[in-house]
file query-v1.cif (mmCIF, C-alpha atoms)
data_data
loop_
_atom_site.label_atom_id
_atom_site.label_comp_id
_atom_site.auth_asym_id
_atom_site.auth_seq_id
_atom_site.Cartn_x
_atom_site.Cartn_y
_atom_site.Cartn_z
CA MET A 1 4.28 9.48 -14.13
CA ALA A 2 2.99 7.99 -10.88
CA CYS A 3 6.21 8.00 -8.88
CA GLU A 4 5.59 8.79 -5.21
CA ARG A 5 7.77 9.55 -2.22
CA VAL A 6 7.00 7.29 0.71
CA ARG A 7 7.99 7.00 4.33
CA VAL A 8 6.25 3.94 5.64
CA ARG A 9 6.64 0.34 6.79
CA ASN A 10 4.70 -0.88 3.79
CA ASP A 11 3.17 0.67 0.76
CA HIS A 12 0.42 -0.16 -1.74
CA GLY A 13 -0.83 1.52 -4.86
CA MET A 14 -4.30 1.22 -6.34
CA HIS A 15 -5.79 2.07 -9.72
CA ASN A 16 -9.28 2.46 -11.11
CA PRO A 17 -9.16 1.16 -14.70
CA ALA A 18 -12.34 2.99 -15.64
CA THR A 19 -11.32 6.48 -14.47
CA GLY A 20 -7.55 6.19 -14.37
CA GLY A 21 -7.56 7.46 -10.79
CA HIS A 22 -4.72 6.52 -8.47
CA GLY A 23 -4.45 5.96 -4.73
CA ILE A 24 -1.60 5.45 -2.30
CA VAL A 25 -1.94 3.38 0.86
CA HIS A 26 0.45 3.77 3.81
CA GLN A 27 0.46 1.20 6.63
CA GLN A 28 1.24 1.58 10.34
CA TYR A 29 0.49 -0.11 13.68
CA ALA A 30 -2.32 1.74 15.49
CA HIS A 31 -1.22 0.70 19.00
CA GLU A 32 2.14 2.43 18.58
CA PHE A 33 0.86 5.28 16.42
CA ILE A 34 -1.48 6.68 19.07
CA ARG A 35 1.03 6.39 21.92
CA SER A 36 4.31 7.67 20.50
CA HIS A 37 5.15 10.79 18.52
CA VAL A 38 8.33 8.96 17.47
CA ALA A 39 6.22 6.20 15.92
CA ARG A 40 3.98 8.76 14.22
CA ASP A 41 6.99 10.56 12.77
CA SER A 42 8.78 7.41 11.63
CA ASP A 43 5.73 5.58 10.28
CA PHE A 44 3.97 8.33 8.37
CA THR A 45 5.07 11.46 6.58
CA THR A 46 3.32 13.14 3.69
CA CYS A 47 3.89 16.27 1.65
CA PRO A 48 2.00 18.41 -0.88
CA LEU A 49 3.60 16.47 -3.75
CA GLU A 50 1.46 13.46 -2.85
CA ARG A 51 -1.75 15.43 -3.23
CA GLN A 52 -1.05 17.07 -6.59
CA PRO A 53 -2.82 15.70 -9.68
CA THR A 54 -0.73 13.68 -12.11
CA SER A 55 0.71 15.39 -15.18
CA ASP A 56 -2.38 14.34 -17.16
CA GLY A 57 -4.81 15.67 -14.54
CA ARG A 58 -5.73 12.52 -12.59
CA GLU A 59 -6.45 12.93 -8.88
CA HIS A 60 -4.71 11.05 -6.08
CA ALA A 61 -6.30 9.59 -2.95
CA LEU A 62 -4.12 9.06 0.11
CA ILE A 63 -5.23 6.27 2.47
CA ALA A 64 -3.61 5.36 5.81
CA GLN A 65 -3.70 1.63 6.51
CA PHE A 66 -3.53 0.51 10.13
CA ALA A 67 -2.96 -2.84 11.76
CA SER A 68 -5.14 -3.06 14.86
CA SER A 69 -7.42 -5.33 16.88
CA ASP A 70 -8.89 -2.70 19.20
CA PRO A 71 -11.82 -0.44 18.22
CA THR A 72 -10.74 2.41 20.48
CA GLU A 73 -7.15 2.36 19.24
CA PHE A 74 -8.15 2.15 15.59
CA ALA A 75 -10.64 5.00 15.98
CA ARG A 76 -8.11 7.18 17.80
CA ALA A 77 -5.44 6.51 15.16
CA ALA A 78 -7.96 7.38 12.44
CA GLU A 79 -8.80 10.63 14.20
CA LEU A 80 -5.13 11.61 14.61
CA ILE A 81 -4.21 11.01 10.98
CA ALA A 82 -7.44 12.27 9.42
CA PRO A 83 -6.27 15.84 8.59
CA TRP A 84 -3.63 14.49 6.21
CA VAL A 85 -5.44 11.62 4.45
CA ASP A 86 -8.61 10.86 2.53
CA GLY A 87 -9.44 7.75 4.54
CA VAL A 88 -8.22 4.89 6.70
CA ASP A 89 -7.99 1.18 5.98
CA LEU A 90 -7.86 -1.77 8.38
CA ASN A 91 -5.43 -4.52 7.42
CA CYS A 92 -7.16 -7.88 7.84
CA GLY A 93 -4.96 -9.65 5.31
CA CYS A 94 -1.41 -9.84 6.64
CA PRO A 95 -0.51 -13.57 6.95
CA GLN A 96 2.80 -13.16 8.78
CA SER A 97 3.08 -15.23 11.96
CA TRP A 98 3.97 -12.26 14.17
CA ALA A 99 0.80 -10.45 13.05
CA VAL A 100 -1.38 -13.48 13.73
CA LYS A 101 0.14 -13.85 17.21
CA GLU A 102 -0.66 -10.20 17.89
CA GLY A 103 -4.28 -10.78 16.90
CA ILE A 104 -4.04 -8.52 13.86
CA GLY A 105 -3.89 -9.13 10.13
CA CYS A 106 -5.36 -12.46 8.98
CA SER A 107 -6.43 -13.43 12.48
CA LEU A 108 -9.23 -10.86 12.16
CA MET A 109 -10.78 -12.92 9.37
CA GLU A 110 -12.10 -15.20 12.10
CA ASN A 111 -13.75 -12.36 14.01
CA PRO A 112 -15.93 -10.24 11.70
CA GLU A 113 -17.90 -8.75 14.58
CA LEU A 114 -14.72 -7.27 16.07
CA VAL A 115 -13.79 -5.81 12.69
CA ALA A 116 -17.30 -4.41 12.34
CA SER A 117 -16.96 -2.68 15.71
CA MET A 118 -13.65 -1.16 14.60
CA VAL A 119 -15.24 0.13 11.41
CA ARG A 120 -18.12 1.71 13.35
CA ALA A 121 -15.73 3.26 15.89
CA ALA A 122 -13.56 4.80 13.19
CA LYS A 123 -16.51 6.14 11.24
CA SER A 124 -17.87 7.77 14.38
CA ASN A 125 -14.59 9.66 14.79
CA LEU A 126 -14.29 10.81 11.17
CA GLU A 127 -16.18 13.29 9.05
CA ALA A 128 -18.36 11.82 6.33
CA SER A 129 -15.91 12.72 3.55
CA LYS A 130 -13.28 10.32 4.96
CA SER A 131 -13.52 6.65 3.97
CA VAL A 132 -13.12 3.59 6.20
CA SER A 133 -12.19 0.41 4.37
CA CYS A 134 -10.74 -3.08 4.94
CA LYS A 135 -8.24 -5.27 3.13
CA ILE A 136 -8.98 -8.97 3.46
CA ARG A 137 -8.07 -12.45 2.22
CA ILE A 138 -10.43 -15.24 1.20
CA HIS A 139 -11.53 -18.31 3.14
CA LYS A 140 -11.38 -21.79 1.67
CA ASP A 141 -15.16 -21.79 1.97
CA LEU A 142 -16.27 -18.62 0.20
CA SER A 143 -19.59 -18.64 2.02
CA HIS A 144 -17.62 -17.60 5.12
CA THR A 145 -16.07 -14.71 3.22
CA LYS A 146 -19.48 -13.66 1.89
CA ARG A 147 -20.92 -13.53 5.42
CA TRP A 148 -17.81 -11.66 6.60
CA ILE A 149 -18.30 -9.03 3.89
CA GLN A 150 -22.02 -8.75 4.69
CA THR A 151 -21.18 -8.05 8.33
CA LEU A 152 -18.78 -5.29 7.29
CA GLU A 153 -21.28 -3.84 4.83
CA ALA A 154 -23.88 -3.62 7.62
CA ALA A 155 -21.30 -1.82 9.79
CA GLY A 156 -20.91 0.88 7.14
CA VAL A 157 -17.55 0.05 5.58
CA ASP A 158 -17.03 2.11 2.42
CA TYR A 159 -15.17 -0.45 0.29
CA ILE A 160 -13.05 -3.58 0.60
CA THR A 161 -9.88 -4.87 -1.03
CA ILE A 162 -9.74 -8.63 -1.57
CA HIS A 163 -6.42 -10.46 -1.83
CA GLY A 164 -7.07 -13.64 -3.78
CA ARG A 165 -5.27 -16.07 -1.47
CA THR A 166 -6.19 -17.76 1.78
CA ARG A 167 -4.39 -17.14 5.04
CA SER A 168 -2.15 -20.20 4.58
CA GLN A 169 -1.30 -19.81 0.89
CA ARG A 170 2.14 -18.56 -0.06
CA SER A 171 2.83 -15.91 -2.68
CA SER A 172 3.95 -18.68 -5.08
CA THR A 173 0.32 -19.85 -5.24
CA PRO A 174 -1.60 -18.01 -8.00
CA PRO A 175 -4.36 -15.72 -6.66
CA ASP A 176 -7.91 -16.98 -7.08
CA PHE A 177 -9.46 -14.30 -9.25
CA VAL A 178 -12.57 -16.41 -9.82
CA ALA A 179 -13.19 -16.22 -6.06
CA ILE A 180 -12.81 -12.44 -6.18
CA LYS A 181 -15.34 -12.28 -9.02
CA VAL A 182 -17.81 -14.38 -7.00
CA LEU A 183 -17.37 -12.14 -3.96
CA LYS A 184 -17.69 -8.98 -6.01
CA GLU A 185 -20.99 -10.23 -7.39
CA SER A 186 -22.26 -10.98 -3.88
CA THR A 187 -21.97 -7.45 -2.51
CA ASN A 188 -23.04 -3.91 -3.30
CA LEU A 189 -19.76 -2.55 -1.92
CA PRO A 190 -17.02 -1.23 -4.20
CA VAL A 191 -14.33 -3.93 -4.41
CA LEU A 192 -10.64 -3.72 -5.24
CA ALA A 193 -8.71 -6.82 -6.31
CA ASN A 194 -5.18 -7.57 -5.11
CA GLY A 195 -2.58 -10.22 -5.89
CA ASP A 196 0.26 -10.57 -8.42
CA VAL A 197 -0.10 -7.09 -9.93
CA TYR A 198 3.20 -6.22 -11.63
CA THR A 199 2.25 -4.48 -14.88
CA LEU A 200 -0.56 -2.34 -16.24
CA SER A 201 -1.59 -5.29 -18.41
CA ASP A 202 -2.01 -7.29 -15.18
CA VAL A 203 -4.30 -4.53 -13.90
CA GLU A 204 -6.43 -4.61 -17.03
CA LYS A 205 -6.58 -8.41 -17.11
CA ILE A 206 -7.57 -8.70 -13.43
CA ALA A 207 -10.19 -5.97 -13.77
CA ALA A 208 -11.71 -7.75 -16.77
CA MET A 209 -11.64 -11.18 -15.07
CA THR A 210 -13.22 -10.05 -11.81
CA GLY A 211 -15.43 -7.06 -12.64
CA VAL A 212 -13.98 -5.14 -9.69
CA ASP A 213 -13.99 -1.38 -9.25
CA GLY A 214 -10.22 -1.09 -8.91
CA VAL A 215 -6.96 -3.01 -8.60
CA MET A 216 -4.32 -2.71 -5.87
CA ALA A 217 -0.61 -3.47 -6.24
CA ALA A 218 1.71 -4.11 -3.28
CA ARG A 219 5.04 -5.76 -4.14
CA GLY A 220 4.64 -4.63 -7.73
CA ILE A 221 4.38 -0.94 -6.85
CA LEU A 222 7.44 -1.15 -4.60
CA GLU A 223 9.49 -2.60 -7.45
CA ASN A 224 8.02 -0.25 -10.04
CA PRO A 225 6.36 2.97 -8.84
CA ALA A 226 5.60 3.77 -12.49
CA LEU A 227 3.50 0.61 -12.89
CA PHE A 228 0.19 2.45 -13.29
CA ALA A 229 1.77 4.81 -15.81
CA GLY A 230 2.22 1.81 -18.12
CA HIS A 231 5.89 1.01 -17.56
CA ASP A 232 6.76 -2.68 -17.17
CA ALA A 233 9.95 -1.79 -15.26
CA THR A 234 11.07 1.30 -13.37
CA PRO A 235 12.29 3.90 -15.89
CA GLY A 236 15.31 6.09 -15.16
CA ASP A 237 13.07 9.14 -15.12
CA CYS A 238 11.15 7.67 -12.18
CA VAL A 239 14.38 7.13 -10.22
CA GLN A 240 15.35 10.73 -10.85
CA ARG A 241 11.98 12.00 -9.64
CA PHE A 242 12.15 9.84 -6.53
CA ILE A 243 15.57 11.25 -5.60
CA GLY A 244 14.28 14.76 -6.28
CA HIS A 245 11.35 14.16 -3.89
CA ALA A 246 13.75 12.77 -1.26
CA VAL A 247 15.84 15.95 -1.51
CA ARG A 248 12.85 18.31 -1.31
CA CYS A 249 10.99 16.32 1.35
CA PRO A 250 13.69 14.59 3.44
CA ILE A 251 13.12 11.16 4.96
CA PRO A 252 15.59 8.90 6.83
CA PHE A 253 18.26 7.67 4.44
CA PRO A 254 17.76 3.94 5.21
CA LEU A 255 14.20 4.30 3.87
CA VAL A 256 15.44 6.10 0.75
CA LEU A 257 17.97 3.33 0.15
CA HIS A 258 15.37 0.61 0.77
CA HIS A 259 12.96 2.02 -1.79
CA PHE A 260 15.75 2.77 -4.28
CA SER A 261 16.88 -0.85 -3.97
CA GLU A 262 13.35 -2.14 -4.56
CA MET A 263 12.88 0.17 -7.56
CA THR A 264 16.06 -0.99 -9.28
CA VAL A 265 15.96 -4.74 -8.50
CA ARG A 266 14.48 -5.61 -11.92
CA MET A 267 15.56 -2.48 -13.72
CA PRO A 268 17.13 -3.14 -17.12
CA GLY A 269 20.75 -2.00 -17.34
CA MET A 270 21.38 -1.93 -13.57
CA THR A 271 24.67 -3.82 -13.22
CA LYS A 272 25.96 -5.82 -10.26
CA GLN A 273 28.71 -3.26 -9.80
CA GLU A 274 26.16 -0.45 -9.61
CA ARG A 275 24.03 -2.38 -7.11
CA LYS A 276 27.12 -2.98 -4.99
CA ARG A 277 27.93 0.71 -5.15
CA MET A 278 24.33 1.49 -4.18
CA MET A 279 24.47 -0.73 -1.08
CA ASN A 280 27.74 0.95 -0.04
CA CYS A 281 26.16 4.43 -0.13
CA ARG A 282 26.50 6.05 3.29
CA ASP A 283 24.13 8.97 2.76
CA LEU A 284 21.90 10.72 0.25
CA VAL A 285 24.86 12.56 -1.29
CA ASP A 286 26.50 9.24 -2.19
CA LEU A 287 23.25 8.02 -3.75
CA ILE A 288 22.81 11.25 -5.71
CA ASP A 289 26.33 10.80 -7.09
CA LEU A 290 25.34 7.32 -8.31
CA VAL A 291 22.15 8.62 -9.93
CA GLU A 292 24.02 11.52 -11.58
CA ASP A 293 26.66 9.16 -12.97
CA LYS A 294 24.09 6.75 -14.39
CA TRP A 295 21.11 8.92 -15.36
CA ARG A 296 22.35 12.54 -15.27
CA LEU A 297 20.07 13.64 -12.43
CA ARG A 298 17.71 16.49 -13.32
CA ALA A 299 16.75 19.30 -10.97
#

call {"tool": "encode", "arguments": {"input": "query-v1.cif", "output": "structure tokens"}}
result
Amino acid sequence: MACERVRVRNDHGMHNPATGGHGIVHQQYAHEFIRSHVARDSDFTTCPLERQPTSDGREHALIAQFASSDPTEFARAAELIAPWVDGVDLNCGCPQSWAVKEGIGCSLMENPELVASMVRAAKSNLEASKSVSCKIRIHKDLSHTKRWIQTLEAAGVDYITIHGRTRSQRSSTPPDFVAIKVLKESTNLPVLANGDVYTLSDVEKIAAMTGVDGVMAARGILENPALFAGHDATPGDCVQRFIGHAVRCPIPFPLVLHHFSEMTVRMPGMTKQERKRMMNCRDLVDLIDLVEDKWRLRA
């Protein structure tokens, strides 16, 4: 079961339908990451459990995603985190207003040359076995997105993830998978598709519609870490494993509670009373008591 312990601001999962391989993407802000050991400790923690193959022998890839608009900062962050990851990713797709004001996220979609310079800087600081990738959104005029991707391909980017919405479109707008298919066909780069991935059937449908090399889930993997294992909702076994990871590899309790809340929001059989009890948990011991009472926590 693909149920991973995380300690991050944001988290994404990705899946290759052809090979069954899984990846985990952790996001942090490069400017803070390179300047503060507190930021590094709070934004990123990994453990050997994240690098072990799944129970059926599939390998994991661990990718660190950074928000940045400075080549030197992105390259330095990549260098610092490299010993613990398989690659770094530059977030060019966040549409939130604060990110745009900071010149990161979607604002970078208007400056492909800057992104290309960040890709080159990071690759120059990393060994060849480490990947450098970008996550992007689409433009209303796909010819702009095609040129953007061509610029990144020339800079040496290893792969891209395409979210099928424009900068201004809300999550209630269906992703444009036809656009992703068109962009996939216009490049030689490996492409991952992203947008409205909540079940394994979504993964298979999107892969078939677009012809991409893999599919990434964001909100879906937060709500259901067992998504790529074929579960349509978080199973109790996944909750138990998550708590076991949190005990063996401690992280701040507010993060444990946040992820536990996300995992159980659509979970069948989770009552209002149990959710209220969950939100009143003061520490990990309280949460373990809840899990033991409901699912008979396993060692």

call {"tool": "resolve_selection", "arguments": {"input": "query-v1.cif", "expression": "the PyMOL selection byres ((chain A and resi 148-162) around 7)", "output": "PDB file with C-alpha atoms, in the coordinates of the input"}}
result
ATOM      1  CA  PRO A 112     -15.930 -10.240  11.700  1.00  0.00           C
ATOM      2  CA  ALA A 116     -17.300  -4.410  12.340  1.00  0.00           C
ATOM      3  CA  VAL A 119     -15.240   0.130  11.410  1.00  0.00           C
ATOM      4  CA  ARG A 120     -18.120   1.710  13.350  1.00  0.00           C
ATOM      5  CA  SER A 131     -13.520   6.650   3.970  1.00  0.00           C
ATOM      6  CA  VAL A 132     -13.120   3.590   6.200  1.00  0.00           C
ATOM      7  CA  SER A 133     -12.190   0.410   4.370  1.00  0.00           C
ATOM      8  CA  CYS A 134     -10.740  -3.080   4.940  1.00  0.00           C
ATOM      9  CA  LYS A 135      -8.240  -5.270   3.130  1.00  0.00           C
ATOM     10  CA  ILE A 136      -8.980  -8.970   3.460  1.00  0.00           C
ATOM     11  CA  ARG A 137      -8.070 -12.450   2.220  1.00  0.00           C
ATOM     12  CA  HIS A 144     -17.620 -17.600   5.120  1.00  0.00           C
ATOM     13  CA  THR A 145     -16.070 -14.710   3.220  1.00  0.00           C
ATOM     14  CA  LYS A 146     -19.480 -13.660   1.890  1.00  0.00           C
ATOM     15  CA  ARG A 147     -20.920 -13.530   5.420  1.00  0.00           C
ATOM     16  CA  HIS A 163      -6.420 -10.460  -1.830  1.00  0.00           C
ATOM     17  CA  GLY A 164      -7.070 -13.640  -3.780  1.00  0.00           C
ATOM     18  CA  ILE A 180     -12.810 -12.440  -6.180  1.00  0.00           C
ATOM     19  CA  LEU A 189     -19.760  -2.550  -1.920  1.00  0.00           C
ATOM     20  CA  PRO A 190     -17.020  -1.230  -4.200  1.00  0.00           C
ATOM     21  CA  VAL A 191     -14.330  -3.930  -4.410  1.00  0.00           C
ATOM     22  CA  LEU A 192     -10.640  -3.720  -5.240  1.00  0.00           C
ATOM     23  CA  ALA A 193      -8.710  -6.820  -6.310  1.00  0.00           C
ATOM     24  CA  ASN A 194      -5.180  -7.570  -5.110  1.00  0.00           C
TER      25      ASN A 194
END

call {"tool": "atom_distance", "arguments": {"input": "query-v1.cif", "atom1": "atom CA of A:Ser143", "atom2": "atom CA of A:Glu185"}}
result
12.7 Å

call {"tool": "closest_residue", "arguments": {"input": "query-v1.cif", "among": "A:Cys249, A:Met279, A:Ala82, A:Ala99", "to": "A:Leu49", "atoms": "only C-alpha atoms"}}
result
A:Cys249

call {"tool": "resolve_selection", "arguments": {"input": "query-v1.cif", "expression": "the PyMOL selection byres ((chain A and resi 275) around 12)", "output": "PDB file with C-alpha atoms, in the coordinates of the input"}}
result
ATOM      1  CA  LEU A 257      17.970   3.330   0.150  1.00  0.00           C
ATOM      2  CA  PHE A 260      15.750   2.770  -4.280  1.00  0.00           C
ATOM      3  CA  SER A 261      16.880  -0.850  -3.970  1.00  0.00           C
ATOM      4  CA  GLU A 262      13.350  -2.140  -4.560  1.00  0.00           C
ATOM      5  CA  MET A 263      12.880   0.170  -7.560  1.00  0.00           C
ATOM      6  CA  THR A 264      16.060  -0.990  -9.280  1.00  0.00           C
ATOM      7  CA  VAL A 265      15.960  -4.740  -8.500  1.00  0.00           C
ATOM      8  CA  ARG A 266      14.480  -5.610 -11.920  1.00  0.00           C
ATOM      9  CA  MET A 267      15.560  -2.480 -13.720  1.00  0.00           C
ATOM     10  CA  GLY A 269      20.750  -2.000 -17.340  1.00  0.00           C
ATOM     11  CA  MET A 270      21.380  -1.930 -13.570  1.00  0.00           C
ATOM     12  CA  THR A 271      24.670  -3.820 -13.220  1.00  0.00           C
ATOM     13  CA  LYS A 272      25.960  -5.820 -10.260  1.00  0.00           C
ATOM     14  CA  GLN A 273      28.710  -3.260  -9.800  1.00  0.00           C
ATOM     15  CA  GLU A 274      26.160  -0.450  -9.610  1.00  0.00           C
ATOM     16  CA  LYS A 276      27.120  -2.980  -4.990  1.00  0.00           C
ATOM     17  CA  ARG A 277      27.930   0.710  -5.150  1.00  0.00           C
ATOM     18  CA  MET A 278      24.330   1.490  -4.180  1.00  0.00           C
ATOM     19  CA  MET A 279      24.470  -0.730  -1.080  1.00  0.00           C
ATOM     20  CA  ASN A 280      27.740   0.950  -0.040  1.00  0.00           C
ATOM     21  CA  CYS A 281      26.160   4.430  -0.130  1.00  0.00           C
ATOM     22  CA  LEU A 287      23.250   8.020  -3.750  1.00  0.00           C
ATOM     23  CA  LEU A 290      25.340   7.320  -8.310  1.00  0.00           C
ATOM     24  CA  VAL A 291      22.150   8.620  -9.930  1.00  0.00           C
ATOM     25  CA  LYS A 294      24.090   6.750 -14.390  1.00  0.00           C
TER      26      LYS A 294
END

call {"tool": "resolve_selection", "arguments": {"input": "query-v1.cif", "expression": "the PyMOL selection byres ((chain A and resi 76-81) around 6)", "output": "list of chain:residue names"}}
result
A:Ala30, A:Ile34, A:Glu73, A:Phe74, A:Ala75, A:Ala82, A:Pro83, A:Trp84, A:Asn125

call {"tool": "write_last_selection", "arguments": {"input": "query-v1.cif", "atoms": "C-alpha atoms", "output": "PDB file, keeping the file's coordinate frame"}}
result
ATOM      1  CA  ALA A  30      -2.320   1.740  15.490  1.00  0.00           C
ATOM      2  CA  ILE A  34      -1.480   6.680  19.070  1.00  0.00           C
ATOM      3  CA  GLU A  73      -7.150   2.360  19.240  1.00  0.00           C
ATOM      4  CA  PHE A  74      -8.150   2.150  15.590  1.00  0.00           C
ATOM      5  CA  ALA A  75     -10.640   5.000  15.980  1.00  0.00           C
ATOM      6  CA  ALA A  82      -7.440  12.270   9.420  1.00  0.00           C
ATOM      7  CA  PRO A  83      -6.270  15.840   8.590  1.00  0.00           C
ATOM      8  CA  TRP A  84      -3.630  14.490   6.210  1.00  0.00           C
ATOM      9  CA  ASN A 125     -14.590   9.660  14.790  1.00  0.00           C
TER      10      ASN A 125
END

call {"tool": "residues_near_point", "arguments": {"input": "query-v1.cif", "point": "(-3.9, -11.0, 9.5)", "cutoff": "12 Å", "atoms": "all atoms listed in the file", "output": "ChimeraX atom specification"}}
result
/A:66-69,90-111,115,134-138,163,166-168

call {"tool": "closest_residue", "arguments": {"input": "query-v1.cif", "among": "A:Pro254, A:Gly211, A:Pro268, A:Gly220", "to": "A:Gly236", "atoms": "only C-alpha atoms"}}
result
A:Pro268

call {"tool": "closest_residue", "arguments": {"input": "query-v1.cif", "among": "A:Asp141, A:Thr187, A:Glu32, A:Asp56", "to": "A:Arg165", "atoms": "all atoms listed in the file"}}
result
A:Asp141

call {"tool": "atom_distance", "arguments": {"input": "query-v1.cif", "atom1": "atom CA of A:His231", "atom2": "atom CA of A:Asp283"}}
result
28.4 Å

call {"tool": "atom_distance", "arguments": {"input": "query-v1.cif", "atom1": "atom CA of A:Ala217", "atom2": "atom CA of A:Ser171"}}
result
13.4 Å

call {"tool": "closest_residue", "arguments": {"input": "query-v1.cif", "among": "A:Arg40, A:His245, A:Asp289, A:Ser201", "to": "A:Ala229", "atoms": "all atoms listed in the file"}}
result
A:Ser201

call {"tool": "closest_residue", "arguments": {"input": "query-v1.cif", "among": "A:Gln169, A:Thr72, A:Asn188, A:Gln52", "to": "A:Lys123", "atoms": "only C-alpha atoms"}}
result
A:Thr72

call {"tool": "closest_residue", "arguments": {"input": "query-v1.cif", "among": "A:Val285, A:Ala207, A:Leu222, A:Val212", "to": "A:Gly244", "atoms": "only C-alpha atoms"}}
result
A:Val285
